[in-house]
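Peer 1: Below is the file query_11.cif, which contains mmCIF, C-alpha atoms and all ligand atoms.
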data_coords
#
loop_
_atom_site.label_atom_id
_atom_site.label_comp_id
_atom_site.auth_asym_id
_atom_site.auth_seq_id
_atom_site.Cartn_x
_atom_site.Cartn_y
_atom_site.Cartn_z
CA MET A 1 89.47 37.01 54.56
CA LYS A 2 89.26 40.48 55.97
CA ASN A 3 90.73 43.65 54.48
CA ILE A 4 91.87 46.34 56.85
CA SER A 5 93.57 49.73 57.08
CA ILE A 6 95.72 50.83 59.99
CA LEU A 7 95.87 54.48 60.93
CA GLY A 8 99.10 54.98 62.83
CA ALA A 9 100.83 51.82 61.64
CA THR A 10 104.30 52.62 62.99
CA GLY A 11 103.40 53.32 66.62
CA SER A 12 103.23 50.84 69.47
CA ILE A 13 99.69 49.54 68.76
CA GLY A 14 100.21 49.74 64.99
CA THR A 15 103.35 47.61 65.20
CA GLN A 16 101.63 45.02 67.38
CA THR A 17 98.70 44.96 64.96
CA LEU A 18 101.18 44.03 62.23
CA ASP A 19 102.26 41.10 64.46
CA VAL A 20 98.64 39.99 64.68
CA ILE A 21 98.25 40.20 60.89
CA ARG A 22 101.50 38.26 60.45
CA SER A 23 100.17 35.36 62.49
CA SER A 24 96.68 35.39 60.98
CA ASN A 25 97.43 32.78 58.29
CA ASN A 26 96.52 35.30 55.59
CA GLU A 27 93.05 35.75 57.02
CA ILE A 28 93.72 39.46 57.40
CA LYS A 29 95.02 41.53 54.54
CA LEU A 30 96.59 44.93 55.02
CA ILE A 31 95.27 47.29 52.34
CA GLY A 32 96.04 50.77 53.68
CA VAL A 33 98.46 52.23 56.21
CA SER A 34 99.20 55.65 57.54
CA ALA A 35 102.02 57.13 59.58
CA ASN A 36 103.15 60.56 60.61
CA SER A 37 106.74 60.77 59.32
CA SER A 38 108.38 57.38 60.02
CA VAL A 39 109.59 56.86 56.47
CA GLU A 40 111.92 53.92 57.14
CA LYS A 41 109.32 51.94 59.06
CA ILE A 42 106.76 52.52 56.29
CA LYS A 43 109.24 51.24 53.70
CA GLU A 44 109.59 48.04 55.76
CA ILE A 45 105.82 47.68 55.94
CA ILE A 46 105.55 48.21 52.17
CA ASN A 47 108.15 45.53 51.53
CA GLU A 48 106.60 42.98 53.83
CA PHE A 49 102.86 43.58 53.45
CA ASN A 50 102.55 45.22 50.05
CA PRO A 51 99.62 47.53 50.90
CA LYS A 52 97.89 49.31 48.03
CA TYR A 53 97.60 52.66 49.76
CA VAL A 54 99.89 54.68 52.04
CA ALA A 55 99.30 58.05 53.69
CA MET A 56 101.94 60.14 55.43
CA MET A 57 100.68 62.92 57.66
CA ASP A 58 103.87 64.85 56.96
CA GLU A 59 104.01 66.29 53.42
CA GLU A 60 107.80 65.86 52.96
CA SER A 61 107.62 62.24 54.11
CA SER A 62 104.89 61.50 51.58
CA LYS A 63 107.20 62.79 48.82
CA VAL A 64 109.96 60.47 50.01
CA ILE A 65 107.59 57.49 49.93
CA LYS A 66 106.25 58.48 46.50
CA ARG A 67 109.81 58.59 45.18
CA TYR A 68 110.57 55.23 46.79
CA CYS A 69 107.55 53.62 45.12
CA LEU A 70 108.50 55.07 41.73
CA ASP A 71 112.11 53.94 42.02
CA ASN A 72 111.05 50.43 42.97
CA ASN A 73 108.24 50.14 40.49
CA LEU A 74 105.61 49.70 43.21
CA LYS A 75 101.99 50.35 42.34
CA ILE A 76 101.02 52.12 45.55
CA GLU A 77 98.89 55.22 45.89
CA VAL A 78 100.54 57.68 48.26
CA TYR A 79 98.62 60.43 50.03
CA SER A 80 99.46 63.09 52.58
CA GLY A 81 97.95 65.14 55.40
CA ILE A 82 94.68 64.65 57.21
CA GLU A 83 92.94 64.13 53.83
CA GLY A 84 95.34 61.27 53.26
CA LEU A 85 94.34 59.71 56.57
CA GLU A 86 90.70 60.07 55.59
CA LYS A 87 91.39 58.33 52.26
CA ILE A 88 93.02 55.39 54.03
CA ALA A 89 90.08 55.20 56.43
CA THR A 90 87.41 55.08 53.73
CA LEU A 91 88.88 52.82 51.02
CA GLU A 92 86.35 50.88 48.97
CA GLU A 93 88.20 47.56 49.50
CA ILE A 94 88.34 47.58 53.29
CA ASP A 95 85.96 46.17 55.91
CA MET A 96 87.61 47.64 58.98
CA VAL A 97 89.85 50.45 60.14
CA LEU A 98 92.13 50.12 63.14
CA THR A 99 92.69 53.60 64.50
CA SER A 100 95.84 53.76 66.56
CA VAL A 101 96.93 57.34 65.94
CA VAL A 102 97.68 59.23 69.14
CA GLY A 103 95.50 62.12 70.20
CA MET A 104 92.49 63.92 68.88
CA ILE A 105 93.85 63.90 65.33
CA GLY A 106 92.07 60.53 65.02
CA LEU A 107 88.61 62.02 65.31
CA ARG A 108 87.93 63.20 61.77
CA PRO A 109 89.18 60.06 59.96
CA THR A 110 87.22 57.88 62.40
CA ILE A 111 84.00 59.73 61.66
CA LYS A 112 84.66 59.50 57.92
CA ALA A 113 85.27 55.77 58.26
CA ILE A 114 81.98 55.30 60.13
CA GLU A 115 80.16 57.28 57.43
CA ALA A 116 81.72 54.95 54.85
CA LYS A 117 80.32 52.00 56.90
CA LYS A 118 83.65 50.60 58.00
CA ASP A 119 83.85 48.77 61.31
CA ILE A 120 86.22 50.46 63.73
CA ALA A 121 88.82 48.75 65.88
CA LEU A 122 89.34 51.66 68.20
CA ALA A 123 92.70 52.16 69.85
CA ASN A 124 92.50 55.95 69.80
CA LYS A 125 90.75 56.76 73.08
CA GLU A 126 90.84 60.52 72.56
CA THR A 127 88.27 60.15 69.77
CA LEU A 128 85.62 58.93 72.19
CA VAL A 129 86.70 61.34 74.91
CA VAL A 130 86.25 64.48 72.83
CA ALA A 131 83.21 63.40 70.82
CA GLY A 132 81.83 60.18 72.27
CA GLU A 133 78.22 61.19 71.87
CA LEU A 134 78.70 62.02 68.21
CA VAL A 135 80.77 58.94 67.36
CA MET A 136 78.47 56.43 69.06
CA LYS A 137 75.35 57.99 67.55
CA LYS A 138 76.90 57.88 64.06
CA ALA A 139 78.03 54.28 64.50
CA LYS A 140 74.51 53.25 65.48
CA GLU A 141 73.01 55.16 62.55
CA MET A 142 75.35 53.53 60.05
CA GLY A 143 75.16 50.04 61.61
CA VAL A 144 78.89 50.03 62.24
CA ASP A 145 80.63 48.09 65.05
CA ILE A 146 83.02 49.88 67.37
CA LEU A 147 85.40 47.26 68.72
CA PRO A 148 87.55 48.50 71.59
CA VAL A 149 91.27 47.77 71.48
CA ASP A 150 92.15 49.40 74.79
CA SER A 151 92.81 46.42 77.08
CA GLU A 152 90.36 47.56 79.78
CA HIS A 153 87.54 48.17 77.33
CA SER A 154 88.23 44.95 75.52
CA ALA A 155 87.95 43.21 78.90
CA ILE A 156 84.59 44.86 79.62
CA PHE A 157 83.42 44.09 76.09
CA GLN A 158 84.31 40.43 76.68
CA ALA A 159 82.75 40.34 80.15
CA LEU A 160 79.54 41.85 78.74
CA ASN A 161 79.09 39.13 76.15
CA GLY A 162 75.49 37.95 76.19
CA TYR A 163 74.19 40.65 78.52
CA THR A 164 72.79 44.12 78.06
CA GLU A 165 73.46 47.38 79.86
CA ASN A 166 70.29 46.81 81.92
CA ASP A 167 71.91 43.78 83.56
CA VAL A 168 74.95 45.77 84.64
CA SER A 169 75.24 47.47 88.02
CA LYS A 170 78.86 48.60 87.77
CA ILE A 171 81.87 48.69 85.49
CA ILE A 172 85.16 48.22 87.30
CA LEU A 173 88.17 49.56 85.43
CA THR A 174 91.47 48.23 86.69
CA ALA A 175 94.57 50.43 86.74
CA SER A 176 98.18 49.40 87.27
CA GLY A 177 98.71 52.63 89.20
CA GLY A 178 101.60 53.62 86.95
CA PRO A 179 105.23 54.24 87.97
CA PHE A 180 104.31 56.54 90.90
CA ARG A 181 101.82 54.32 92.68
CA GLY A 182 101.95 54.90 96.42
CA LYS A 183 103.95 58.14 96.10
CA ASP A 184 102.81 61.46 97.57
CA ASN A 185 102.85 65.05 96.35
CA GLU A 186 106.16 65.76 98.06
CA TYR A 187 107.82 62.97 96.08
CA LEU A 188 106.14 63.96 92.81
CA LYS A 189 107.47 67.53 93.08
CA SER A 190 110.92 66.43 91.97
CA VAL A 191 110.24 63.58 89.52
CA THR A 192 111.59 63.88 85.97
CA VAL A 193 110.06 63.06 82.59
CA ASN A 194 112.21 59.96 82.41
CA ASP A 195 110.86 58.69 85.73
CA ALA A 196 107.37 59.24 84.37
CA LEU A 197 108.12 57.33 81.16
CA LYS A 198 109.06 54.15 83.02
CA HIS A 199 105.87 52.15 83.17
CA PRO A 200 106.09 49.04 85.36
CA LYS A 201 103.82 46.74 83.32
CA TRP A 202 103.10 47.96 79.83
CA ASN A 203 105.45 48.98 77.07
CA MET A 204 103.75 51.93 75.35
CA GLY A 205 104.23 55.16 73.45
CA GLN A 206 105.37 58.33 75.20
CA LYS A 207 102.03 60.11 75.43
CA ILE A 208 100.19 57.18 76.99
CA SER A 209 103.12 56.49 79.32
CA ILE A 210 102.90 60.01 80.76
CA ASP A 211 99.11 59.67 80.94
CA SER A 212 99.60 56.48 82.93
CA ALA A 213 101.94 58.22 85.36
CA THR A 214 99.44 61.05 86.00
CA LEU A 215 96.48 58.60 85.97
CA MET A 216 94.92 60.74 83.24
CA ASN A 217 95.03 57.60 81.12
CA LYS A 218 92.56 56.01 83.53
CA GLY A 219 90.53 59.22 83.50
CA LEU A 220 90.29 59.17 79.71
CA GLU A 221 89.36 55.49 79.94
CA VAL A 222 86.52 56.26 82.36
CA ILE A 223 85.09 58.68 79.78
CA GLU A 224 85.72 56.17 76.99
CA ALA A 225 83.86 53.48 78.98
CA HIS A 226 80.96 55.85 79.66
CA PHE A 227 80.35 56.31 75.94
CA LEU A 228 81.22 52.80 74.73
CA PHE A 229 79.00 51.00 77.23
CA ASN A 230 76.43 53.72 77.88
CA CYS A 231 77.20 53.57 81.60
CA PRO A 232 76.64 56.49 84.00
CA TYR A 233 79.81 57.85 85.64
CA GLU A 234 78.47 56.96 89.10
CA ASN A 235 78.61 53.31 88.07
CA ILE A 236 82.19 53.35 86.77
CA GLU A 237 84.73 52.54 89.44
CA VAL A 238 88.52 52.54 89.20
CA VAL A 239 90.45 49.92 91.16
CA VAL A 240 94.23 49.87 91.31
CA HIS A 241 95.48 46.37 90.54
CA PRO A 242 99.28 46.49 90.23
CA GLN A 243 99.72 43.03 88.66
CA SER A 244 97.64 44.03 85.61
CA ILE A 245 96.33 40.49 85.19
CA ILE A 246 92.64 41.38 85.47
CA HIS A 247 92.09 43.86 82.66
CA SER A 248 88.68 45.02 83.93
CA MET A 249 85.43 43.67 85.30
CA VAL A 250 81.66 43.98 85.11
CA GLU A 251 79.49 43.73 88.21
CA TYR A 252 75.95 42.57 87.45
CA ASN A 253 72.67 43.28 89.24
CA ASP A 254 72.83 39.98 91.11
CA ALA A 255 76.26 40.96 92.57
CA SER A 256 78.10 38.53 90.32
CA VAL A 257 81.34 39.93 88.87
CA ILE A 258 82.77 38.78 85.56
CA ALA A 259 86.39 39.63 84.85
CA GLN A 260 88.69 39.13 81.89
CA LEU A 261 92.24 38.04 82.64
CA GLY A 262 95.27 37.75 80.43
CA SER A 263 98.96 38.53 80.07
CA THR A 264 99.92 42.20 79.62
CA ASP A 265 100.11 41.93 75.86
CA MET A 266 98.16 44.28 73.60
CA LYS A 267 98.13 41.67 70.85
CA LEU A 268 95.31 39.94 72.70
CA PRO A 269 92.77 42.81 72.60
CA ILE A 270 93.92 43.73 69.08
CA GLN A 271 93.31 40.18 67.88
CA TYR A 272 89.88 40.03 69.55
CA ALA A 273 88.86 43.35 67.98
CA ILE A 274 90.02 42.72 64.44
CA ASN A 275 88.50 39.26 64.42
CA LYS A 276 85.22 40.72 65.65
CA LYS A 277 84.98 38.63 68.83
CA GLU A 278 86.00 35.37 67.19
CA ARG A 279 88.42 33.39 69.39
CA LYS A 280 91.55 32.59 67.36
CA HIS A 281 94.77 30.74 68.26
CA ALA A 282 96.81 32.40 71.03
CA ILE A 283 99.46 34.90 70.07
CA ALA A 284 99.77 36.29 73.57
CA LYS A 285 101.44 34.26 76.31
CA LYS A 286 99.07 32.14 78.40
CA LEU A 287 98.75 32.82 82.10
CA ASN A 288 100.46 30.65 84.67
CA PHE A 289 98.53 31.07 87.93
CA TYR A 290 101.14 29.25 90.01
CA GLU A 291 103.65 31.91 88.94
CA ILE A 292 101.23 34.80 89.49
CA GLY A 293 100.42 33.70 93.04
CA ALA A 294 98.46 36.71 94.24
CA LEU A 295 96.27 39.45 92.86
CA THR A 296 95.87 42.62 94.92
CA PHE A 297 93.57 45.63 94.80
CA GLU A 298 93.74 49.19 96.13
CA LYS A 299 91.74 52.40 96.06
CA PRO A 300 93.20 55.07 93.75
CA ASP A 301 94.64 58.16 95.47
CA LEU A 302 92.58 60.97 93.92
CA GLU A 303 94.14 63.69 96.06
CA THR A 304 97.64 63.01 94.76
CA PHE A 305 96.64 62.02 91.24
CA LYS A 306 94.30 64.90 90.50
CA CYS A 307 94.00 64.13 86.78
CA LEU A 308 91.70 61.19 87.46
CA LYS A 309 89.46 63.37 89.60
CA LEU A 310 89.41 66.08 86.91
CA ALA A 311 88.43 63.51 84.27
CA TYR A 312 85.46 62.33 86.34
CA LYS A 313 84.44 65.95 86.86
CA ALA A 314 84.70 66.86 83.17
CA GLY A 315 82.92 63.66 82.19
CA LYS A 316 80.01 64.35 84.51
CA GLU A 317 79.75 67.94 83.28
CA GLY A 318 79.51 66.49 79.79
CA GLY A 319 79.13 68.57 76.63
CA LEU A 320 82.48 69.92 75.55
CA ALA A 321 84.12 69.64 78.98
CA PRO A 322 85.92 66.39 78.06
CA CYS A 323 87.17 68.12 74.89
CA ILE A 324 88.75 70.87 77.02
CA LEU A 325 90.19 68.28 79.39
CA ASN A 326 91.69 66.30 76.54
CA GLY A 327 93.12 69.28 74.62
CA ALA A 328 94.68 70.69 77.78
CA ASN A 329 96.12 67.31 78.67
CA GLU A 330 97.62 66.70 75.23
CA GLU A 331 99.27 70.12 75.34
CA ALA A 332 100.47 69.74 78.94
CA VAL A 333 101.97 66.33 78.13
CA SER A 334 103.86 67.86 75.17
CA LEU A 335 105.16 70.61 77.44
CA LEU A 336 106.28 68.03 79.98
CA LEU A 337 108.03 65.96 77.30
CA GLU A 338 109.77 69.15 76.14
CA GLU A 339 110.74 69.69 79.80
CA LYS A 340 109.07 73.08 79.90
CA ILE A 341 106.90 72.19 82.88
CA LYS A 342 107.13 69.93 85.92
CA PHE A 343 105.15 66.75 86.45
CA LEU A 344 102.67 68.23 88.94
CA GLN A 345 101.92 71.14 86.62
CA VAL A 346 100.10 68.82 84.21
CA SER A 347 97.00 68.67 86.41
CA GLU A 348 97.27 72.37 87.29
CA ILE A 349 97.22 73.32 83.59
CA ILE A 350 94.20 71.11 82.92
CA GLU A 351 92.30 72.42 85.93
CA GLU A 352 92.99 75.99 84.90
CA ALA A 353 91.89 75.36 81.30
CA LEU A 354 88.62 73.80 82.47
CA GLU A 355 87.97 76.93 84.52
CA ASN A 356 89.03 79.36 81.81
CA PHE A 357 86.83 77.81 79.10
CA LYS A 358 83.84 77.02 81.33
CA GLU A 359 81.48 79.11 79.20
CA GLU A 360 82.18 76.87 76.19
CA LYS A 361 81.33 73.61 77.94
CA SER A 362 77.63 73.66 77.17
CA LYS A 363 77.98 74.22 73.41
CA GLU A 364 76.72 71.48 71.10
CA VAL A 365 79.05 68.49 70.59
CA ASN A 366 79.55 68.56 66.84
CA LEU A 367 82.70 68.14 64.76
CA GLU A 368 83.19 71.86 64.09
CA ASN A 369 82.77 72.90 67.74
CA VAL A 370 85.06 70.13 68.97
CA ILE A 371 87.84 70.97 66.52
CA GLU A 372 87.55 74.71 67.13
CA LEU A 373 87.53 74.47 70.92
CA ASP A 374 90.39 71.97 70.95
CA LYS A 375 92.47 74.43 68.93
CA LYS A 376 91.58 77.34 71.20
CA VAL A 377 92.49 75.43 74.35
CA ARG A 378 95.86 74.39 72.93
CA GLU A 379 96.75 77.87 71.73
CA TYR A 380 95.81 79.31 75.10
CA ILE A 381 98.14 76.89 76.90
CA ARG A 382 100.97 77.30 74.36
CA VAL A 383 100.93 81.09 74.70
CA ARG A 384 100.91 80.89 78.48
CA TRP A 385 103.70 78.37 78.88
CA ASN A 386 106.10 78.94 76.04
MN MN3 A 401 94.26 50.97 78.68
#
Now, as a test, write the supplied structure out as structure tokens.
Ligand code: MN3
Peer 2:
Amino acid sequence: MKNISILGATGSIGTQTLDVIRSSNNEIKLIGVSANSSVEKIKEIINEFNPKYVAMMDEESSKVIKRYCLDNNLKIEVYSGIEGLEKIATLEEIDMVLTSVVGMIGLRPTIKAIEAKKDIALANKETLVVAGELVMKKAKEMGVDILPVDSEHSAIFQALNGYTENDVSKIILTASGGPFRGKDNEYLKSVTVNDALKHPKWNMGQKISIDSATLMNKGLEVIEAHFLFNCPYENIEVVVHPQSIIHSMVEYNDASVIAQLGSTDMKLPIQYAINKKERKHAIAKKLNFYEIGALTFEKPDLETFKCLKLAYKAGKEGGLAPCILNGANEEAVSLLLEEKIKFLQVSEIIEEALENFKEEKSKEVNLENVIELDKKVREYIRVRWN
């Protein structure tokens, strides 16, 4: 039996992780959960899974849950704020933390969890983007496994089984292309937030849906892959594959390519990560190749989807450049969701932030510098665009 905590239990990945736990025949026990402010969903989780610890990011929400536990005579410790998240991530009883919070807020609890020697099922890509060097070094030091939950990285992780980075000549990240695949700048000028939120293949949260429409999601994944698999950016290639059946591939020195295929269901990579590479019974739907018929591949359009280009650039610059990229993107996506900016302005804002903070890029990648610079970048964008 394995004991786990979920950070971000009420979001898209969190909810699907609960499905995986449900069908694990009690092999996985949920000990701690965190959420931002989704009080009703947390009550449901409490009633079904009976975790021992709950953390609500939002102070008021934690009071509501505390009250609920008192009224119902439930022996549950309830915490709040980022300290609460850190508590949930470092509990004595747990073996693993699944981090599915959205955005760079996941960084600090992830580092704390690694320091407490918990294995990490990583669904929070921003953590590796802003501080990949730091996180991977710490994980190595502490002897902790980082198990990717992102479908592409899970695919690479699976395709790499039995080989080392010296055998690899290229990592090929597949991309669905998002809702605006094949469109040009002229078309993108007038698209709305709702158009951007309609992803053709995956059902996801709002932030990642927008990131998929701008292709920044793929950009963040390139940086994530660089750190996870210690692969130079020159050897990471993005291929648009609209059917999303191949989740990514590894090309080896002998020109052989190994790919991982599966249905577009996040439960599959979640299950693989939380079972630490053990192959369990299928929860995801099996593929029917007669139905699929054809798989196609295209080159991504970097001139229209500038975010992907910017991510490569920031990644190659290294240091704190990905931190600037990520902070600017998170803020720009919020502004777009609030309908304060237009779709094409997302990449403009990021490009401008990378230029404006260029002096900061070469500072040391440590927790303090990352958190401070992230804050500065966001404030700068907020002031300019509000
Ligand atoms: Mn992905």
Peer 1: Would you kindly return, as an MDAnalysis selection string, each protein, DNA or RNA residue with an atom no farther than 9 Å from any atom of range 315-326 of chain A, considering all atoms listed in the file and excluding same-chain residues fewer than 3 positions away?
Peer 2: chainID A and resid 103:104 126 129:131 133 219:220 222:223 226 232:234 310:312 329:331 350:351 353:354 357:358 360:365 369:371 373:374 377:378
Peer 1: Counting all atoms listed in the file, which of A:Met266, A:Ala255, A:Val78, A:Ile65 gets nearest to ligand MN3 401 (chain A)?
Peer 2: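 That would be A:Met266, the residue with the smallest distance to ligand MN3 401 (chain A).
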Peer 1: What residues have any atom no more than 8 Å from ligand MN3 401 (chain A) when counting all atoms listed in the file, and can you list them as number ranges by chain?
Peer 2: A: 150-153, 217-218, 221
Peer 1: In Å to one decimal, how far is CA of Phe297 in chain A from CA of Pro242 in chain A?
Peer 2: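 One can read the CA of Pro242 in chain A to CA of Phe297 in chain A distance as 7.4 Å.
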Peer 1: Please determine, counting all atoms listed in the file, which residue among A:Asp254, A:Glu224, A:Glu379, A:Glu355 has the shortest atom-to-atom distance to Ala332 in chain A.
Peer 2: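 Closest residue, counting all atoms listed in the file: A:Glu379.
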Peer 1: Sorted by chain and rising residue number, list the residues of range 248-276 of chain A at most 12 Å from range 194-207 of chain A (counting all atoms listed in the file), each with its closest atom pair and distance in Å to one decimal, as JSON lines.
Peer 2:
{"residue": "A:Ser263", "atom": "CA", "partner": "A:Lys201", "partner_atom": "CA", "distance": 10.1}
{"residue": "A:Thr264", "atom": "CA", "partner": "A:Trp202", "partner_atom": "CA", "distance": 6.6}
{"residue": "A:Asp265", "atom": "CA", "partner": "A:Trp202", "partner_atom": "CA", "distance": 7.8}
{"residue": "A:Met266", "atom": "CA", "partner": "A:Trp202", "partner_atom": "CA", "distance": 8.8}
Peer 1: Take CA of Gly32 in chain A and CA of Ile111 in chain A and report the distance between them in Å, one decimal.
Peer 2: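 One can read the CA of Gly32 in chain A to CA of Ile111 in chain A distance as 17.0 Å.
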Peer 1: Let me have the centre and edge lengths in Å, one decimal, of the box along x, y and z around every listed atom of range 374-378 of chain A with 3 Å of margin on each side, as lines of an AutoDock Vina configuration file.
Peer 2:
center_x = 93.1
center_y = 74.7
center_z = 71.6
size_x = 11.5
size_y = 11.4
size_z = 11.4
Peer 1: Counting only C-alpha atoms, figure out which residue out of A:Ile171, A:Ala294, A:Lys52, A:Arg382 gets nearest to Ala328 in chain A.
Peer 2: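 Residue with the minimum atom-to-atom distance to Ala328 in chain A: A:Arg382.
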Peer 1: Would you mind reading off the distance between CA of Tyr272 in chain A and CA of Lys87 in chain A, one decimal, in Å?
Peer 2: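 One can read the CA of Tyr272 in chain A to CA of Lys87 in chain A distance as 25.2 Å.
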Peer 1: Find, counting all atoms listed in the file, the residue in A:Val97, A:Ala259, A:Leu367, A:Ile114 that gets nearest to Lys140 in chain A.
Peer 2: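 Among A:Val97, A:Ala259, A:Leu367, A:Ile114, it is A:Ile114 that comes nearest to Lys140 in chain A.
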Peer 1: Find, counting all atoms listed in the file, the residue in A:Lys118, A:Tyr252, A:Glu60, A:Lys41 that gets nearest to Asn166 in chain A.
Peer 2: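 Result for the nearest residue to Asn166 in chain A: A:Tyr252.
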Peer 1: Given the choices A:Gly327, A:Gly293, A:Gly14, A:Gly132, which gets closest to Ser100 in chain A if the distance is worked out from only C-alpha atoms?
Peer 2: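 Distance minimum relative to Ser100 in chain A lands on A:Gly14.
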Peer 1: Near Leu173 in chain A, within 10 Å and counting all atoms listed in the file, which residues show up once chain neighbours fewer than 4 positions away are dropped, as a list of chain:residue names?
Peer 2: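 The residues satisfying every condition are A:Glu152, A:His153, A:Ala155, A:Ile156, A:Lys218, A:Glu221, A:Val222, A:Ala225, A:Ile236, A:Glu237, A:Val238, A:Val239, A:Val240, A:His241, A:Ile246, A:His247, A:Ser248, A:Met249, A:Val250.
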Peer 1: Which residues are near Leu287 in chain A? Cut-off 10 Å, all atoms listed in the file, ignore same chain within fewer than 3 positions. Put them as a JSON list (two decimals) with C-alpha atoms, in the frame of the given file.
Peer 2:
[["chain", "number", "residue", "atom", "x", "y", "z"],
["A", 245, "ILE", "CA", 96.33, 40.49, 85.19],
["A", 261, "LEU", "CA", 92.24, 38.04, 82.64],
["A", 262, "GLY", "CA", 95.27, 37.75, 80.43],
["A", 263, "SER", "CA", 98.96, 38.53, 80.07],
["A", 264, "THR", "CA", 99.92, 42.20, 79.62],
["A", 284, "ALA", "CA", 99.77, 36.29, 73.57],
["A", 290, "TYR", "CA", 101.14, 29.25, 90.01],
["A", 291, "GLU", "CA", 103.65, 31.91, 88.94],
["A", 292, "ILE", "CA", 101.23, 34.80, 89.49]]
Peer 1: The residues within 9 Å of (105.4, 61.0, 52.8), using all atoms listed in the file and the coordinates of the file, should be reported as number ranges by chain; which are they?
Peer 2: A: 35-39, 54-66, 78-81
Peer 1: Can you tell me, as a list in words, what residues are no more than 12 Å from Ser23 in chain A when counting all atoms listed in the file, ignoring any on the same chain fewer than 6 positions away?
Peer 2: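 Here the answer would be Gln16, Thr17, Lys29, Lys267, Gln271, Lys280, His281, Ala282, Ile283 and Ala284 of chain A.
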Peer 1: Print the selection's residues with C-alpha atoms to a file, as a CSV table (one decimal), in the coordinates of the input.
Peer 2:
chain,number,residue,atom,x,y,z
A,16,GLN,CA,101.6,45.0,67.4
A,17,THR,CA,98.7,45.0,65.0
A,29,LYS,CA,95.0,41.5,54.5
A,267,LYS,CA,98.1,41.7,70.8
A,271,GLN,CA,93.3,40.2,67.9
A,280,LYS,CA,91.6,32.6,67.4
A,281,HIS,CA,94.8,30.7,68.3
A,282,ALA,CA,96.8,32.4,71.0
A,283,ILE,CA,99.5,34.9,70.1
A,284,ALA,CA,99.8,36.3,73.6
Peer 1: As a PyMOL selection string, please: the residues near Glu165 in chain A (cut-off 9 Å, all atoms listed in the file, same-chain neighbours under 3 positions excluded).
Peer 2: chain A and resi 160+168-169+229-231
Peer 1: Model the absent atoms of range 320-334 of chain A so that N, CA and C atoms are present, and write the result as a short mmCIF file (atom, residue, chain, number, x, y, z; two decimals), keeping the file's coordinate frame.
Peer 2:
data_model
loop_
_atom_site.label_atom_id
_atom_site.label_comp_id
_atom_site.auth_asym_id
_atom_site.auth_seq_id
_atom_site.Cartn_x
_atom_site.Cartn_y
_atom_site.Cartn_z
N LEU A 320 81.13 69.79 76.07
CA LEU A 320 82.48 69.92 75.55
C LEU A 320 83.55 69.91 76.66
N ALA A 321 83.13 69.67 77.90
CA ALA A 321 84.12 69.64 78.98
C ALA A 321 85.21 68.58 78.76
N PRO A 322 84.86 67.37 78.33
CA PRO A 322 85.92 66.39 78.06
C PRO A 322 86.86 66.83 76.93
N CYS A 323 86.34 67.60 75.99
CA CYS A 323 87.17 68.12 74.89
C CYS A 323 88.22 69.09 75.44
N ILE A 324 87.81 69.93 76.39
CA ILE A 324 88.75 70.87 77.02
C ILE A 324 89.79 70.08 77.82
N LEU A 325 89.31 69.13 78.60
CA LEU A 325 90.19 68.28 79.39
C LEU A 325 91.24 67.61 78.51
N ASN A 326 90.78 67.03 77.41
CA ASN A 326 91.69 66.30 76.54
C ASN A 326 92.70 67.22 75.85
N GLY A 327 92.22 68.34 75.32
CA GLY A 327 93.12 69.28 74.62
C GLY A 327 94.18 69.81 75.58
N ALA A 328 93.74 70.17 76.78
CA ALA A 328 94.68 70.69 77.78
C ALA A 328 95.68 69.62 78.17
N ASN A 329 95.20 68.40 78.30
CA ASN A 329 96.12 67.31 78.67
C ASN A 329 97.14 67.03 77.57
N GLU A 330 96.68 66.97 76.32
CA GLU A 330 97.62 66.70 75.23
C GLU A 330 98.71 67.77 75.19
N GLU A 331 98.31 69.01 75.38
CA GLU A 331 99.27 70.12 75.34
C GLU A 331 100.21 70.08 76.55
N ALA A 332 99.65 69.81 77.72
CA ALA A 332 100.47 69.74 78.94
C ALA A 332 101.48 68.60 78.85
N VAL A 333 101.05 67.46 78.29
CA VAL A 333 101.97 66.33 78.13
C VAL A 333 103.11 66.70 77.18
N SER A 334 102.80 67.41 76.08
CA SER A 334 103.86 67.86 75.17
C SER A 334 104.83 68.76 75.90
#
